[in-house]
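Text of target.csv (CSV, C-alpha atoms) as supplied:
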```csv
chain,number,residue,atom,x,y,z
I,1208,MET,CA,214.4,210.3,254.1
I,1209,PRO,CA,211.6,212.9,254.2
I,1210,HIS,CA,212.7,214.9,251.2
I,1211,PRO,CA,215.2,214.5,248.3
I,1212,PHE,CA,218.8,215.5,248.5
I,1213,GLN,CA,219.4,219.2,247.8
I,1214,THR,CA,222.7,221.1,247.5
I,1215,ASP,CA,224.2,224.4,246.4
I,1216,ASP,CA,227.5,222.5,245.6
I,1217,PRO,CA,227.2,220.5,242.3
I,1218,ARG,CA,230.2,218.4,243.3
I,1219,LEU,CA,228.1,216.7,246.0
I,1220,HIS,CA,225.6,215.1,243.7
I,1221,ALA,CA,228.0,212.3,242.7
I,1222,ILE,CA,228.9,211.7,246.4
I,1223,ALA,CA,225.2,211.6,247.3
I,1224,GLU,CA,224.6,208.9,244.6
I,1225,LYS,CA,227.4,206.8,246.2
I,1226,VAL,CA,226.0,207.3,249.7
I,1227,ASN,CA,222.5,206.4,248.6
I,1228,SER,CA,223.7,203.3,246.9
I,1229,ARG,CA,225.9,202.4,249.9
I,1230,GLU,CA,229.1,202.6,247.7
I,1231,ARG,CA,232.3,203.4,249.5
I,1232,LEU,CA,233.7,206.9,249.3
I,1233,ASP,CA,237.3,207.4,248.1
I,1234,ALA,CA,239.9,209.9,248.9
I,1235,HIS,CA,238.7,212.4,246.3
I,1236,ASP,CA,235.2,212.2,247.6
I,1237,ALA,CA,236.4,212.9,251.2
I,1238,LEU,CA,238.5,215.8,250.0
I,1239,VAL,CA,235.5,217.3,248.2
I,1240,LEU,CA,233.5,217.0,251.4
I,1241,TYR,CA,236.1,218.9,253.4
I,1242,GLN,CA,236.4,221.6,250.7
I,1243,SER,CA,232.6,222.1,250.4
I,1244,SER,CA,230.9,224.8,252.5
I,1245,ASP,CA,227.4,223.3,252.1
I,1246,ILE,CA,227.3,221.9,255.6
I,1247,LEU,CA,223.6,221.3,255.5
I,1248,ALA,CA,223.9,219.0,252.5
I,1249,ILE,CA,226.9,217.2,254.0
I,1250,GLY,CA,225.0,216.8,257.2
I,1251,TRP,CA,221.9,215.5,255.5
I,1252,LEU,CA,223.9,212.8,253.9
I,1253,ALA,CA,225.6,211.9,257.2
I,1254,ASN,CA,222.3,211.9,259.0
I,1255,SER,CA,220.9,209.5,256.4
I,1256,VAL,CA,223.7,207.1,257.2
I,1257,ARG,CA,223.4,207.6,260.9
I,1258,GLU,CA,219.6,206.9,260.9
I,1259,ARG,CA,220.0,203.9,258.6
I,1260,LEU,CA,222.4,202.4,261.2
I,1261,HIS,CA,220.9,203.6,264.5
I,1262,GLY,CA,217.6,205.3,263.9
I,1263,ASP,CA,217.0,207.8,266.6
I,1264,THR,CA,219.1,205.9,269.2
I,1265,THR,CA,221.8,208.0,270.8
I,1266,TYR,CA,224.2,206.3,273.2
I,1267,PHE,CA,225.8,207.6,276.4
I,1268,ASN,CA,227.4,206.0,279.4
I,1269,VAL,CA,228.1,206.7,283.1
I,1270,ASN,CA,231.9,206.7,283.3
I,1271,ARG,CA,234.8,208.2,285.2
I,1272,HIS,CA,238.1,209.4,284.0
I,1273,ILE,CA,241.2,208.6,286.0
I,1274,ASN,CA,244.5,210.2,285.0
I,1275,PRO,CA,247.1,208.6,287.3
I,1276,THR,CA,250.0,211.0,286.5
I,1277,ASN,CA,250.8,214.0,284.5
I,1278,VAL,CA,254.5,213.4,284.5
I,1279,CYS,CA,255.6,212.8,280.9
I,1280,VAL,CA,258.9,212.4,279.1
I,1281,ALA,CA,257.4,213.8,275.9
I,1282,ALA,CA,257.1,217.5,275.2
I,1283,CYS,CA,254.4,217.5,272.6
I,1284,ARG,CA,253.5,221.0,271.4
I,1285,LEU,CA,249.8,220.0,271.4
I,1286,CYS,CA,249.7,219.2,275.1
I,1287,ALA,CA,249.0,221.3,278.2
I,1288,PHE,CA,248.6,218.3,280.5
I,1289,GLY,CA,252.1,216.6,280.6
I,1290,ARG,CA,254.9,218.0,282.7
I,1291,LYS,CA,258.5,217.1,283.3
I,1292,LYS,CA,258.9,215.3,286.6
I,1293,ASP,CA,260.6,218.3,288.4
I,1294,ALA,CA,258.2,220.9,287.0
I,1295,PRO,CA,255.6,222.7,289.2
I,1296,GLY,CA,252.2,221.2,289.3
I,1297,THR,CA,253.2,217.6,288.7
I,1298,TYR,CA,251.4,214.7,290.4
I,1299,THR,CA,251.5,211.0,290.5
I,1300,MET,CA,248.9,209.0,292.3
I,1301,ALA,CA,249.9,206.3,294.8
I,1302,LEU,CA,247.9,203.2,294.1
I,1303,GLU,CA,245.7,203.6,297.1
I,1304,GLU,CA,245.0,207.2,295.9
I,1305,ALA,CA,244.1,206.0,292.4
I,1306,TRP,CA,241.7,203.4,293.8
I,1307,GLU,CA,240.1,206.0,296.2
I,1308,THR,CA,239.7,208.4,293.3
I,1309,ALA,CA,237.9,205.7,291.3
I,1310,ALA,CA,235.5,205.2,294.2
I,1311,SER,CA,234.9,208.7,295.5
I,1312,GLY,CA,232.7,211.6,294.7
I,1313,TYR,CA,229.8,210.1,292.9
I,1314,SER,CA,226.7,208.3,293.9
I,1315,GLU,CA,225.7,206.6,290.6
I,1316,ALA,CA,227.3,203.3,289.8
I,1317,VAL,CA,229.8,203.8,286.9
I,1318,THR,CA,230.1,201.1,284.2
I,1319,GLU,CA,233.5,202.3,282.9
I,1320,PHE,CA,236.8,203.7,284.1
I,1321,HIS,CA,238.7,205.6,281.4
I,1322,ILE,CA,242.3,205.6,282.4
I,1323,VAL,CA,245.1,207.5,280.6
I,1324,GLY,CA,248.1,209.5,281.7
I,1325,GLY,CA,251.6,210.8,281.0
I,1326,LEU,CA,254.6,208.8,280.0
I,1327,HIS,CA,256.3,208.6,283.4
I,1328,PRO,CA,260.1,208.0,283.3
I,1329,ASP,CA,260.3,206.2,286.6
I,1330,LEU,CA,257.1,204.3,287.3
I,1331,PRO,CA,257.7,200.5,286.7
I,1332,PHE,CA,255.4,198.4,284.6
I,1333,SER,CA,254.3,196.7,287.8
I,1334,TYR,CA,252.7,200.0,288.9
I,1335,PHE,CA,250.3,199.8,286.0
I,1336,LEU,CA,249.6,196.1,286.4
I,1337,ASP,CA,248.9,196.7,290.1
I,1338,LEU,CA,246.7,199.7,289.3
I,1339,ILE,CA,244.5,197.7,286.9
I,1340,SER,CA,244.4,194.5,289.0
I,1341,GLY,CA,243.5,196.6,292.1
I,1342,LEU,CA,240.7,198.3,290.3
I,1343,LYS,CA,239.4,195.0,288.9
I,1344,GLN,CA,239.5,193.5,292.4
I,1345,ARG,CA,237.6,196.4,293.9
I,1346,PHE,CA,235.2,197.1,291.1
I,1347,PRO,CA,234.7,193.7,289.3
I,1348,LYS,CA,231.7,194.9,287.3
I,1349,VAL,CA,233.3,198.1,286.0
I,1350,HIS,CA,234.9,197.9,282.5
I,1351,LEU,CA,238.5,199.1,282.4
I,1352,LYS,CA,239.3,201.1,279.3
I,1353,ALA,CA,242.9,201.9,279.9
I,1354,PHE,CA,246.0,203.2,278.2
I,1355,THR,CA,246.5,204.7,274.7
I,1356,MET,CA,248.6,203.1,272.0
I,1357,VAL,CA,251.3,205.6,272.9
I,1358,GLU,CA,251.3,204.5,276.5
I,1359,ILE,CA,251.3,200.9,275.5
I,1360,ALA,CA,254.4,201.3,273.3
I,1361,TYR,CA,256.1,203.3,276.0
I,1362,LEU,CA,255.4,200.8,278.7
I,1363,ALA,CA,256.7,198.0,276.4
I,1364,LYS,CA,259.9,199.9,275.9
I,1365,ARG,CA,260.4,200.6,279.6
I,1366,ALA,CA,259.7,197.0,280.5
I,1367,LYS,CA,261.8,195.6,277.7
I,1368,LEU,CA,258.8,193.6,276.4
I,1369,SER,CA,257.3,193.3,273.0
I,1370,ILE,CA,254.0,195.2,272.3
I,1371,ARG,CA,252.2,191.9,272.2
I,1372,GLU,CA,253.6,190.8,275.5
I,1373,THR,CA,252.8,194.1,277.1
I,1374,LEU,CA,249.2,193.9,275.9
I,1375,GLU,CA,248.9,190.3,277.1
I,1376,GLN,CA,250.0,191.2,280.6
I,1377,LEU,CA,247.7,194.2,280.8
I,1378,LYS,CA,244.8,192.1,279.6
I,1379,LEU,CA,245.6,189.4,282.2
I,1380,ALA,CA,245.7,192.1,284.9
I,1381,GLY,CA,242.2,193.3,283.9
I,1382,VAL,CA,242.3,195.7,281.0
I,1383,ASP,CA,239.1,195.2,279.0
I,1384,SER,CA,239.6,197.6,276.1
I,1385,LEU,CA,241.7,200.6,275.0
I,1386,PRO,CA,240.8,204.2,274.4
I,1387,GLY,CA,241.7,205.8,271.1
I,1388,GLY,CA,243.9,208.7,272.1
I,1389,GLY,CA,247.3,209.6,270.8
I,1390,ALA,CA,246.5,209.1,267.2
I,1391,GLU,CA,246.5,212.8,266.6
I,1392,ILE,CA,247.2,213.0,262.8
I,1393,PHE,CA,249.1,210.2,261.2
I,1394,ALA,CA,251.0,212.3,258.7
I,1395,ASP,CA,254.7,212.5,259.5
I,1396,ARG,CA,254.9,216.2,258.5
I,1397,VAL,CA,252.2,217.1,261.1
I,1398,ARG,CA,253.6,214.8,263.8
I,1399,ALA,CA,257.0,216.4,263.5
I,1400,ILE,CA,255.5,219.7,264.5
I,1401,ILE,CA,252.9,218.8,267.1
I,1402,CYS,CA,254.1,215.5,268.8
I,1403,ASP,CA,257.5,214.5,267.6
I,1404,HIS,CA,258.2,212.7,270.8
I,1405,LYS,CA,255.5,210.2,270.3
I,1406,ILE,CA,255.4,207.0,268.3
I,1407,ASP,CA,254.6,207.6,264.6
I,1408,GLY,CA,251.4,206.9,262.9
I,1409,ASN,CA,252.4,203.5,261.6
I,1410,GLN,CA,253.4,202.4,265.1
I,1411,TRP,CA,250.1,203.6,266.5
I,1412,LEU,CA,248.2,201.6,263.9
I,1413,GLU,CA,250.4,198.5,264.5
I,1414,THR,CA,249.8,198.7,268.2
I,1415,ALA,CA,246.1,198.9,267.6
I,1416,ARG,CA,246.3,195.9,265.2
I,1417,LEU,CA,248.1,193.8,267.9
I,1418,ALA,CA,245.5,194.8,270.5
I,1419,HIS,CA,242.7,193.8,268.2
I,1420,GLU,CA,244.4,190.4,267.5
I,1421,LEU,CA,244.3,189.8,271.2
I,1422,GLY,CA,240.6,190.5,271.5
I,1423,LEU,CA,241.0,194.0,273.0
I,1424,ARG,CA,238.6,196.3,271.2
I,1425,SER,CA,239.6,200.0,271.0
I,1426,ASN,CA,238.4,203.4,269.9
I,1427,ALA,CA,240.1,205.6,267.4
I,1428,THR,CA,240.6,209.4,267.4
I,1429,MET,CA,241.7,212.2,265.1
I,1430,LEU,CA,242.9,215.6,266.5
I,1431,TYR,CA,242.0,218.4,264.2
I,1432,GLY,CA,242.2,222.1,264.1
I,1433,HIS,CA,245.9,222.8,264.4
I,1434,VAL,CA,248.5,222.6,261.6
I,1435,GLU,CA,247.0,219.8,259.6
I,1436,ASN,CA,245.2,220.3,256.2
I,1437,ASP,CA,242.3,218.6,254.5
I,1438,GLU,CA,244.6,216.0,252.8
I,1439,ASP,CA,246.1,215.1,256.2
I,1440,ARG,CA,242.6,214.5,257.6
I,1441,VAL,CA,241.6,212.3,254.7
I,1442,ASP,CA,244.7,210.3,254.9
I,1443,HIS,CA,244.1,209.7,258.6
I,1444,LEU,CA,240.5,208.5,258.0
I,1445,LEU,CA,241.4,206.2,255.2
I,1446,LYS,CA,244.2,204.6,257.2
I,1447,LEU,CA,241.8,203.9,260.1
I,1448,ARG,CA,239.3,202.5,257.6
I,1449,ALA,CA,241.9,200.2,256.1
I,1450,LEU,CA,242.9,198.8,259.5
I,1451,GLN,CA,239.2,198.3,260.4
I,1452,ASP,CA,238.7,196.3,257.2
I,1453,GLU,CA,241.5,194.0,258.4
I,1454,SER,CA,241.0,193.8,262.2
I,1455,LYS,CA,237.4,194.8,262.8
I,1456,GLY,CA,238.6,195.9,266.3
I,1457,PHE,CA,237.6,199.6,266.4
I,1458,GLN,CA,234.3,200.4,268.2
I,1459,THR,CA,234.0,204.1,267.9
I,1460,PHE,CA,235.6,207.0,266.1
I,1461,ILE,CA,236.0,210.3,268.0
I,1462,PRO,CA,237.0,213.5,266.2
I,1463,LEU,CA,238.8,215.7,268.8
I,1464,ALA,CA,238.9,219.4,268.5
I,1465,PHE,CA,242.3,220.9,269.3
I,1466,HIS,CA,242.4,223.3,272.3
I,1467,PRO,CA,245.4,225.5,271.9
I,1468,ASP,CA,245.3,227.4,275.2
I,1469,ASN,CA,248.3,226.8,277.5
I,1470,THR,CA,250.2,224.9,274.9
I,1471,PRO,CA,253.1,226.0,272.7
I,1472,LEU,CA,250.6,226.3,269.9
I,1473,GLN,CA,248.3,228.8,271.7
I,1474,HIS,CA,248.8,231.3,268.9
I,1475,LEU,CA,246.4,229.1,266.8
I,1476,HIS,CA,242.7,229.8,266.5
I,1477,LYS,CA,240.3,227.6,268.2
I,1478,THR,CA,238.1,225.4,266.0
I,1479,THR,CA,234.8,226.8,264.8
I,1480,GLY,CA,231.4,225.1,265.1
I,1481,MET,CA,231.4,224.7,261.4
I,1482,LEU,CA,234.7,222.6,261.5
I,1483,ASP,CA,233.5,220.6,264.4
I,1484,ILE,CA,230.2,219.6,262.7
I,1485,LYS,CA,231.9,219.0,259.4
I,1486,ASN,CA,234.4,216.5,261.0
I,1487,ILE,CA,231.5,214.6,262.6
I,1488,ALA,CA,229.6,214.4,259.3
I,1489,ILE,CA,232.6,213.5,257.1
I,1490,SER,CA,233.7,210.9,259.6
I,1491,ARG,CA,230.3,209.2,259.4
I,1492,LEU,CA,230.3,209.2,255.6
I,1493,VAL,CA,233.9,208.0,255.1
I,1494,LEU,CA,234.2,205.5,258.0
I,1495,ASP,CA,231.6,203.1,256.6
I,1496,ASN,CA,233.0,200.2,258.6
I,1497,PHE,CA,232.9,202.0,262.0
I,1498,ALA,CA,229.7,201.3,264.0
I,1499,HIS,CA,229.7,204.5,266.0
I,1500,ILE,CA,230.7,208.2,265.7
I,1501,LYS,CA,231.0,210.0,269.0
I,1502,ALA,CA,230.5,213.8,269.5
I,1503,TYR,CA,232.7,214.2,272.6
I,1504,TRP,CA,230.9,217.0,274.5
I,1505,GLN,CA,234.0,217.8,276.7
I,1506,MET,CA,235.8,219.2,273.7
I,1507,MET,CA,233.0,220.3,271.4
I,1508,THR,CA,230.9,221.8,274.1
I,1509,PRO,CA,227.5,220.2,275.0
I,1510,LYS,CA,225.7,222.5,272.6
I,1511,ILE,CA,227.8,221.6,269.5
I,1512,ALA,CA,227.7,217.9,270.5
I,1513,GLN,CA,223.9,218.1,270.7
I,1514,ILE,CA,223.7,219.5,267.2
I,1515,ALA,CA,226.1,216.8,266.0
I,1516,LEU,CA,223.4,214.2,266.8
I,1517,ARG,CA,221.7,215.5,263.6
I,1518,PHE,CA,225.0,215.5,261.6
I,1519,GLY,CA,226.1,211.9,261.9
I,1520,ALA,CA,226.9,211.3,265.6
I,1521,ASP,CA,225.1,208.5,267.5
I,1522,ASP,CA,227.1,208.8,270.8
I,1523,ILE,CA,227.7,211.8,273.1
I,1524,ASP,CA,230.1,210.1,275.5
I,1525,GLY,CA,229.4,210.0,279.2
I,1526,THR,CA,229.2,211.7,282.6
I,1527,VAL,CA,233.1,211.7,282.9
I,1528,ILE,CA,233.0,213.3,286.4
I,1529,GLU,CA,236.6,214.7,286.3
I,1530,GLU,CA,238.7,215.3,283.2
I,1531,LYS,CA,242.1,216.9,283.3
I,1532,ILE,CA,243.8,216.7,279.9
I,1533,TYR,CA,241.5,219.0,277.9
I,1534,HIS,CA,240.7,221.3,280.8
I,1535,ASP,CA,244.4,221.9,281.3
I,1536,ALA,CA,244.4,223.1,277.6
I,1537,GLY,CA,241.7,225.6,278.3
I,1538,ALA,CA,238.4,223.6,277.8
I,1539,THR,CA,235.6,225.6,279.5
I,1540,THR,CA,233.1,222.8,279.6
I,1541,PRO,CA,232.0,221.3,282.9
I,1542,GLN,CA,234.3,218.8,284.5
I,1543,GLY,CA,231.4,216.3,284.5
I,1544,MET,CA,227.8,216.1,283.6
I,1545,ARG,CA,224.9,214.5,285.4
I,1546,ARG,CA,223.2,211.6,283.7
I,1547,GLN,CA,219.9,213.5,283.6
I,1548,GLU,CA,221.5,216.4,281.8
I,1549,LEU,CA,222.9,214.1,279.1
I,1550,VAL,CA,219.5,212.6,278.6
I,1551,ARG,CA,218.0,216.1,278.3
I,1552,LEU,CA,220.5,217.1,275.6
I,1553,ILE,CA,219.8,214.0,273.6
I,1554,GLU,CA,216.0,214.2,273.9
I,1555,GLU,CA,215.9,217.9,273.0
I,1556,ALA,CA,217.7,216.9,269.8
I,1557,GLY,CA,214.7,214.6,269.0
I,1558,ARG,CA,216.7,211.5,269.7
I,1559,LYS,CA,216.2,208.5,272.0
I,1560,ALA,CA,218.7,208.3,274.9
I,1561,VAL,CA,220.1,204.8,275.5
I,1562,GLU,CA,222.5,204.3,278.3
I,1563,ARG,CA,225.2,201.8,277.3
I,1564,ASP,CA,228.2,200.1,278.7
I,1565,THR,CA,231.6,200.3,277.0
I,1566,MET,CA,230.7,197.5,274.6
I,1567,TYR,CA,227.4,199.1,273.6
I,1568,HIS,CA,225.2,196.8,275.6
I,1569,PRO,CA,222.1,198.6,276.9
I,1570,VAL,CA,222.1,199.4,280.6
I,1571,THR,CA,218.9,199.2,282.7
I,1572,ARG,CA,219.2,201.3,285.8
I,1573,THR,CA,217.1,201.6,288.9
I,1574,GLU,CA,217.7,203.8,292.0
I,1575,THR,CA,219.9,201.2,293.7
I,1576,SER,CA,221.3,199.0,290.9
I,1577,PHE,CA,221.9,198.5,287.2
I,1578,THR,CA,222.0,195.5,284.9
I,1579,VAL,CA,223.7,195.2,281.6
I,1580,ALA,CA,222.0,193.4,278.7
I,1581,VAL,CA,224.4,190.8,277.1
```

Re-express the file's structure as structure tokens.
Amino acid sequence: MPHPFQTDDPRLHAIAEKVNSRERLDAHDALVLYQSSDILAIGWLANSVRERLHGDTTYFNVNRHINPTNVCVAACRLCAFGRKKDAPGTYTMALEEAWETAASGYSEAVTEFHIVGGLHPDLPFSYFLDLISGLKQRFPKVHLKAFTMVEIAYLAKRAKLSIRETLEQLKLAGVDSLPGGGAEIFADRVRAIICDHKIDGNQWLETARLAHELGLRSNATMLYGHVENDEDRVDHLLKLRALQDESKGFQTFIPLAFHPDNTPLQHLHKTTGMLDIKNIAISRLVLDNFAHIKAYWQMMTPKIAQIALRFGADDIDGTVIEEKIYHDAGATTPQGMRRQELVRLIEEAGRKAVERDTMYHPVTRTETSFTVAV
């Protein structure tokens, strides 16, 4: 690094020694990082790890979000997307409509479809298998990143299958990997307040473990900025790290800023830039066995995501095109972003933009085609 570590918080010196010697941080270290207000020192440490792992490389992809339905049996207080099936504003895509949505409205070839939705009480498991197989048939080169651990567990229950059997059938239909949503915060106290209708934290982790055993990689998330405390965040990170030690199946960690608008928790304050940046940096320092930390511009705003590239993040997500879940909760970011704009954000941060596919293989693109390095 260009200059020695400096801090106004004496507690950070011992942590800096661990980071420099590549020694794993423990729960106490992580808690100190959350309690410290020296964001520049924390960011300097996180950036040193980020540059050791990735140099100036910053990843992005050309992807499309597909949300097949917003009908949901759960009534999570954190959510502005899901609706009961008879409520105004509900929708459920017919299969042809979902396939047309995947194909429409964008000229650049996507490399990934990101597919998540509500927990529909009536749709049969066959709908989801047909959705995936139809997409794979129509877009054989596009990676299908589909269904959170929460959705997987719900589909298994509805189909009267085990989690493993459900995952096996989805993989056979064409699911290539899983997104990391629904993790929220693992602490039971917090889940009882914000998402008591969902599977608990241990069930989320067990579903992820089974997916990894079947060769399905996944992401992992943490929703912060609601009723959790620093101890809850640390507990969440350490549980993810422990599973990654065992399964090695997580690709990317994504801290998600809570958007309270239009939810039963709308009385809560929105996250600050300080908290957003701190979660990126601490994630990079604590999750030493995760290859990638993503600054999800849809939730952080493009400006904060850009700054995060100097505070530990090496990925800024993708073009997205249309995103419903966080915009229903009041996100004011654009629905999608052009590839050129993502590149500009990355390069203005002094980083090198590298387009990737879902598995982090570099993508080489021309005006008429693209190839993926394997």

Do you have, as CSV, the list of residues of stretch 1233-1329 of chain I lying at most 8 Å from stretch 1402-1417 of chain I, each with its nearest atom pair and that distance in Å to one decimal, counting only C-alpha atoms and ordered by chain then number?
```
residue,atom,partner,partner_atom,distance
I:Ala1281,CA,I:His1404,CA,5.3
I:Ala1282,CA,I:His1404,CA,6.6
I:Cys1283,CA,I:Cys1402,CA,4.3
I:Arg1284,CA,I:Cys1402,CA,6.1
I:Leu1285,CA,I:Cys1402,CA,6.7
```

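Compared by their closest atoms to I:Gln1505, and using only C-alpha atoms, the residues I:Ser1340, I:Tyr1361, I:Thr1470, I:Leu1463 rank with I:Leu1463 nearest.
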
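Nearest to I:Asp1468 of all the residues I:His1433, I:Ala1560, I:Leu1252, I:Gln1376 is I:His1433, counting all atoms listed in the file.
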
*In the coordinate frame of the file, compute which residues have an atom within 12 Å of (233.3, 220.0, 260.9) when using all atoms listed in the file, and state them as a ChimeraX atom specification.*
/I:1240-1247,1249-1250,1253,1430-1432,1437,1440,1462-1464,1478-1491,1502,1507,1511-1512,1514-1515,1518-1520

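Between atom CA of I:Ser1369 and atom CA of I:Lys1446 there is a distance of 23.4 Å.
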
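When the distance limit is 9 Å and all atoms listed in the file are what count, the residues near I:Val1441, minus those fewer than 4 positions from it on the same chain, are Ala1234, His1235, Ala1237, Leu1238, Tyr1241, Asn1436, Asp1437, Leu1445, Lys1446 and Val1493 of chain I.
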
*So which one's closest to I:Arg1517, I:Asn1426, I:Thr1264, I:Gln1547, I:Thr1565? Using all atoms listed in the file, please.*
I:Thr1264

Missing atoms in stretch 1500-1507 of chain I: can you complete it with all heavy atoms, as a short mmCIF file (atom, residue, chain, number, x, y, z; two decimals), in the frame of the given file?
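This went into part-v3.cif:
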```
data_model
loop_
_atom_site.label_atom_id
_atom_site.label_comp_id
_atom_site.auth_asym_id
_atom_site.auth_seq_id
_atom_site.Cartn_x
_atom_site.Cartn_y
_atom_site.Cartn_z
N ILE I 1500 230.02 206.88 265.73
CA ILE I 1500 230.70 208.20 265.70
C ILE I 1500 230.32 208.94 266.92
O ILE I 1500 229.14 209.16 267.18
CB ILE I 1500 230.38 208.97 264.42
CG1 ILE I 1500 230.65 208.15 263.16
CG2 ILE I 1500 231.16 210.29 264.41
CD1 ILE I 1500 232.11 207.82 262.91
N LYS I 1501 231.32 209.37 267.69
CA LYS I 1501 231.00 210.00 269.00
C LYS I 1501 231.28 211.54 268.87
O LYS I 1501 232.32 211.98 268.36
CB LYS I 1501 231.94 209.46 270.07
CG LYS I 1501 231.73 210.09 271.45
CD LYS I 1501 232.69 209.54 272.48
CE LYS I 1501 232.40 208.09 272.78
NZ LYS I 1501 233.25 207.58 273.91
N ALA I 1502 230.33 212.31 269.36
CA ALA I 1502 230.50 213.80 269.50
C ALA I 1502 230.90 213.96 271.00
O ALA I 1502 230.06 213.90 271.90
CB ALA I 1502 229.19 214.48 269.23
N TYR I 1503 232.18 214.18 271.22
CA TYR I 1503 232.70 214.20 272.60
C TYR I 1503 232.44 215.62 273.16
O TYR I 1503 233.11 216.61 272.87
CB TYR I 1503 234.23 213.97 272.51
CG TYR I 1503 234.92 213.86 273.84
CD1 TYR I 1503 234.31 213.21 274.91
CD2 TYR I 1503 236.20 214.37 274.03
CE1 TYR I 1503 234.96 213.09 276.14
CE2 TYR I 1503 236.85 214.25 275.25
CZ TYR I 1503 236.23 213.62 276.30
OH TYR I 1503 236.86 213.50 277.51
N TRP I 1504 231.42 215.70 274.02
CA TRP I 1504 230.90 217.00 274.50
C TRP I 1504 231.99 217.77 275.26
O TRP I 1504 231.96 219.01 275.28
CB TRP I 1504 229.67 216.82 275.32
CG TRP I 1504 229.82 216.10 276.62
CD1 TRP I 1504 229.56 214.78 276.86
CD2 TRP I 1504 230.22 216.65 277.88
NE1 TRP I 1504 229.79 214.47 278.17
CE2 TRP I 1504 230.20 215.60 278.84
CE3 TRP I 1504 230.60 217.92 278.30
CZ2 TRP I 1504 230.55 215.79 280.17
CZ3 TRP I 1504 230.96 218.11 279.63
CH2 TRP I 1504 230.92 217.05 280.55
N GLN I 1505 232.94 217.08 275.90
CA GLN I 1505 234.00 217.80 276.70
C GLN I 1505 234.78 218.72 275.80
O GLN I 1505 235.21 219.78 276.25
CB GLN I 1505 234.90 216.75 277.31
CG GLN I 1505 234.32 216.04 278.50
CD GLN I 1505 234.55 216.80 279.79
OE1 GLN I 1505 235.20 217.85 279.80
NE2 GLN I 1505 234.01 216.31 280.88
N MET I 1506 235.00 218.35 274.55
CA MET I 1506 235.80 219.20 273.70
C MET I 1506 234.99 220.03 272.73
O MET I 1506 235.39 221.14 272.38
CB MET I 1506 236.78 218.29 272.86
CG MET I 1506 237.78 217.54 273.72
SD MET I 1506 239.06 216.71 272.80
CE MET I 1506 240.11 218.08 272.34
N MET I 1507 233.85 219.52 272.32
CA MET I 1507 233.00 220.30 271.40
C MET I 1507 232.09 221.26 272.02
O MET I 1507 231.53 222.11 271.34
CB MET I 1507 232.16 219.29 270.54
CG MET I 1507 232.93 218.49 269.53
SD MET I 1507 231.79 217.53 268.52
CE MET I 1507 232.93 217.03 267.21
#
```
